[in-house]
Amino acid sequence: MQVAAGCEGSPAATEGGDQQSSKKPRLAAEPLLLHAPVKQEMAVLQTAGDGAAVVAADQGSRMEIAVKMDVTLLHCPLCITPLKPPVLQCKGGHVACGGCLAEPCAECGGAFDVRSTVMDAVVSSTTAECDHDGCGRYVTYHELDGHRGECPHAPCDCAVPGCGFVGPAPALLGHLTALHSMPVHNIQYGKVLALQLPATLEPRGLLVGDEDGRAFLMVGGALGSGAAVSAVCVRAEATLWPRYTLKVWASGPAPAPNRKADTVMAEIEVASSRAPGAVAVEELAYLAVPPKLLVGAGAARRMSLKIRIDKFTS
């Protein structure tokens, strides 16, 4: 095991400078660069008003160190998931996670009937760096997979078939508009945006929030003789907040005097995806637009939509 002193929030130097491989924790015998806080006892000499020396001991300061270790030591040997409190141990000193409490030890057959407070402290304080470009955040190791699932820097796939571009959502937005000339419609949350779109939704377009630059890919196309309309948020699937809802109205041609235009409406909880181009409208809640509300014929058919996106932060 290699140990190097470092500052909090930044990885320390290790022999060989193996910084790149440290960003990819995996269940293997090779070492992983992790961070753990170490408490140092300090004695601070202060001077009282009368010149007397006053010693304030044990101020509880903490120092971050980088530790290169076998990552399998942080995983339950029975279910292979990262250990998190409570960590249990058998009389032989072997450990397991709380979910494997009822299982016998694979090494000695003993019962996991004692809580390992030492391992609790280790797994609670050990952190690893998120390997998404642009993130650099250190997360408690057993929470790393959860963080990756909602990381704002999670890589997203290009929505255009055949394109291999992968990057965080802001970079993907720039890629789609610059390289693929995808239409962009800026939208203010809570306000209605009126659009005239092809019934096929080709070319596909993006709705981009003025407030936060969040991108929503329009999803839909032909549905029988009518059309379907929905949207998907371009971001990691596990992201919980903020939440977005989509309200979309489709109206038919101008009615006869003293008559109202036929209108259909749907309110949709917007789903998220790191591969928005692979999401089919049938996987989402969507607005079904009947043929009578479409204008034109054949590939030239169009639909008159009003769209509103609401943002919820709690």
# chains A, B, ... in the order shown; residues from 1 in each chain; ligands from 1

$ select_by_dssp --residues "region 67-213 of chain A" --states "alpha helix (DSSP H)" --output "NGL selection string"
:A and (117-125 or 144-150 or 169-178)

$ residues_around --residues "Thr117 (chain A)" --least-positions-apart "5" --cutoff "12 Å" --atoms "only C-alpha atoms" --output "JSON, numbers by chain"
{"A": [84, 85, 86, 87, 88, 89, 95, 122, 123, 124]}

$ closest_atom_pairs --of "region 178-235 of chain A" --to "region 274-282 of chain A" --cutoff "7 Å" --atoms "only C-alpha atoms" --output "CSV"
residue,atom,partner,partner_atom,distance
A:Leu217,CA,A:Pro276,CA,6.9
A:Val219,CA,A:Val281,CA,5.8
A:Gly220,CA,A:Val281,CA,5.2
A:Ser230,CA,A:Val281,CA,6.7
A:Val232,CA,A:Pro276,CA,6.5
A:Val234,CA,A:Arg274,CA,5.9
A:Arg235,CA,A:Arg274,CA,5.2

$ atom_distance --atom1 "CA of Pro253 (chain A)" --atom2 "CA of Glu283 (chain A)"
29.2 Å

$ residues_around --residues "Ala250 (chain A)" --least-positions-apart "4" --cutoff "10 Å" --atoms "only C-alpha atoms" --output "list of chain:residue names"
A:Ala194, A:Leu195, A:Gln196, A:Val229, A:Ala261, A:Asp262, A:Thr263, A:Val264, A:Met265, A:Ala266, A:Leu287, A:Ala288, A:Val289, A:Pro290, A:Leu293, A:Leu294, A:Met303, A:Ser304, A:Leu305, A:Lys306, A:Ile307

$ residues_around --residues "Leu78 (chain A)" --least-positions-apart "5" --cutoff "8 Å" --atoms "only C-alpha atoms" --output "list in words"
Ala96, Cys100 and Ala106 of chain A

$ write_last_selection --atoms "N, CA, C and O atoms" --output "compact mmCIF listing (two decimals), in the first residue's frame"
# COMPACT_ATOMS: atom_id res chain seq x y z
N ALA A 96 -18.61 -8.70 6.37
CA ALA A 96 -19.68 -8.77 5.37
C ALA A 96 -20.59 -7.58 5.58
O ALA A 96 -20.54 -6.92 6.63
N CYS A 100 -25.99 -9.29 4.16
CA CYS A 100 -25.58 -10.70 4.16
C CYS A 100 -25.51 -11.27 5.57
O CYS A 100 -24.82 -12.28 5.81
N ALA A 106 -17.89 -17.23 4.21
CA ALA A 106 -17.36 -18.10 3.15
C ALA A 106 -15.97 -18.62 3.50
O ALA A 106 -15.52 -19.61 2.93

$ select_by_dssp --residues "region 69-156 of chain A" --states "strand (DSSP E or B)" --output "JSON, numbers by chain"
{"A": [69, 70, 75, 82, 87, 88, 89, 95, 96, 97, 114, 115, 127, 128, 129, 138, 139, 140, 156]}

$ closest_residue --among "A:Arg308, A:Leu83, A:Cys90, A:Asp133" --to "Asn186 (chain A)" --atoms "only C-alpha atoms"
A:Arg308

$ atom_distance --atom1 "CA of Ser273 (chain A)" --atom2 "CA of Thr81 (chain A)"
24.8 Å

$ closest_residue --among "A:Ser125, A:Ser116, A:Asn258, A:Thr200" --to "Gly298 (chain A)" --atoms "only C-alpha atoms"
A:Thr200

$ atom_distance --atom1 "CA of Pro242 (chain A)" --atom2 "CA of Ser314 (chain A)"
7.1 Å

$ residues_around --residues "His153 (chain A)" --least-positions-apart "6" --cutoff "10 Å" --atoms "only C-alpha atoms" --output "list in words"
Cys130, Asp131, His132, Asp133, Gly134, Cys135, Gly136, Gly167, Pro168, Ala169, Pro170, Ala171, Arg235 and Ala236 of chain A

$ write_last_selection --atoms "N, CA and C atoms" --output "tab-separated table (two decimals), in the first residue's frame"
chain	number	residue	atom	x	y	z
A	130	CYS	N	-14.98	10.88	-8.72
A	130	CYS	CA	-15.87	10.58	-9.85
A	130	CYS	C	-15.05	10.66	-11.14
A	131	ASP	N	-15.20	9.65	-12.00
A	131	ASP	CA	-14.39	9.59	-13.21
A	131	ASP	C	-15.01	10.30	-14.41
A	132	HIS	N	-16.11	11.03	-14.21
A	132	HIS	CA	-16.70	11.77	-15.30
A	132	HIS	C	-15.90	13.04	-15.57
A	133	ASP	N	-15.56	13.27	-16.83
A	133	ASP	CA	-14.79	14.45	-17.20
A	133	ASP	C	-15.50	15.71	-16.74
A	134	GLY	N	-14.75	16.58	-16.07
A	134	GLY	CA	-15.30	17.85	-15.62
A	134	GLY	C	-15.89	17.81	-14.23
A	135	CYS	N	-16.02	16.63	-13.61
A	135	CYS	CA	-16.60	16.55	-12.27
A	135	CYS	C	-15.51	16.72	-11.22
A	136	GLY	N	-14.68	15.72	-11.04
A	136	GLY	CA	-13.60	15.82	-10.08
A	136	GLY	C	-14.03	15.76	-8.63
A	167	GLY	N	-20.47	13.04	-24.57
A	167	GLY	CA	-19.97	14.12	-23.73
A	167	GLY	C	-21.03	14.55	-22.74
A	168	PRO	N	-20.67	15.39	-21.76
A	168	PRO	CA	-21.66	15.89	-20.80
A	168	PRO	C	-22.74	16.69	-21.51
A	169	ALA	N	-23.89	16.82	-20.86
A	169	ALA	CA	-25.06	17.42	-21.50
A	169	ALA	C	-24.78	18.79	-22.15
A	170	PRO	N	-24.07	19.72	-21.48
A	170	PRO	CA	-23.82	21.01	-22.14
A	170	PRO	C	-23.00	20.87	-23.43
A	171	ALA	N	-22.00	19.96	-23.40
A	171	ALA	CA	-21.19	19.75	-24.61
A	171	ALA	C	-22.02	19.10	-25.71
A	235	ARG	N	-29.93	14.17	-19.65
A	235	ARG	CA	-29.13	14.13	-18.41
A	235	ARG	C	-29.14	12.70	-17.87
A	236	ALA	N	-28.41	12.47	-16.78
A	236	ALA	CA	-28.33	11.14	-16.19
A	236	ALA	C	-29.71	10.70	-15.70

$ closest_residue --among "A:Arg214, A:Ala199, A:Thr239, A:Leu284" --to "Gly296 (chain A)" --atoms "only C-alpha atoms"
A:Ala199
